[in-house]
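Asker: This is the structure, below, for whatever I ask next.
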Amino acid sequence: MSDAQSLIDKIMAIDDNIRFVAICDLDGNQIASKARERTELYLTPESTKDTLRHAASAWKSRMKHFDEIGRGLYTLAVYEKLRRITMPLPGDRILLVTIDNAGGQKQILDALLNEVIYQDPTYSSGYDSVIRSMDFER
């Protein structure tokens, strides 16, 4: 199993409200993804590719201002049917996570931030050292 797929499996285990997880490069090329079993996906595979390209492009645009405002931790887009979180990963990769609107958004965000950004061993579910050592190359 690749490091990317391993991370996706760990993120899916954070909360049952997580619907879909994908990792892409900064050009929006999908590296790995997973949908929760028995989850109705709202986007076609082609629309998902388009979403990843847009997320990567938007993240690259934000990176231009990191020196002035600090590095980006995540973005949150809220839709009627779901919420989408986008976060940076090591190796110029982007993490895209969709969650349903049933609740748990703050807890999911806190867990994602801890796993991917802060890597706080006092709070972690044990994956912080794994994420730091991951090689997200294809």
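In the structure tokens, the first chain shown is A, the next is B, and so on; residue numbers restart at 1 for each chain, and ligands run from 1 in the order shown.
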Compile the contact shell of stretch 94-97 of chain A as number ranges by chain: residues with an atom at most 7 Å away, counting only C-alpha atoms, same-chain residues fewer than 5 positions apart removed.
Answerer: A: 20-26, 56, 84-89
Asker: Using DSSP on the backbone coordinates, identify the residues of chain A assigned to strand (DSSP E); present them as a ChimeraX atom specification.
Answerer: /A:18-25,30-35,75-78,83-89,93-99
Asker: Hey, what does DSSP flag as helix (DSSP H, G or I) within stretch 3-138 of chain A? Can you give it to me as a PyMOL selection string?
Answerer: chain A and resi 3-12+45-63+66-69+105-118+128-133
Asker: Of the residues A:Thr75, A:Asn101, A:Gln30, A:Ser47, which is the one nearest to A:Asp16, using only C-alpha atoms?
Answerer: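 When distances to A:Asp16 are compared using only C-alpha atoms, the smallest one comes from A:Asn101.
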Asker: Rank nothing, just name the residue among A:Pro90, A:Lys81, A:Leu113, A:Gly28 nearest to A:Arg53, using only C-alpha atoms.
Answerer: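 Selected residue with least distance to A:Arg53: A:Gly28.
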Asker: For atom CA of A:Tyr118 and atom CA of A:Asn29, determine how far apart the two atoms are, in Å to one decimal place.
Answerer: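 Between atom CA of A:Tyr118 and atom CA of A:Asn29 the gap works out to 25.6 Å.
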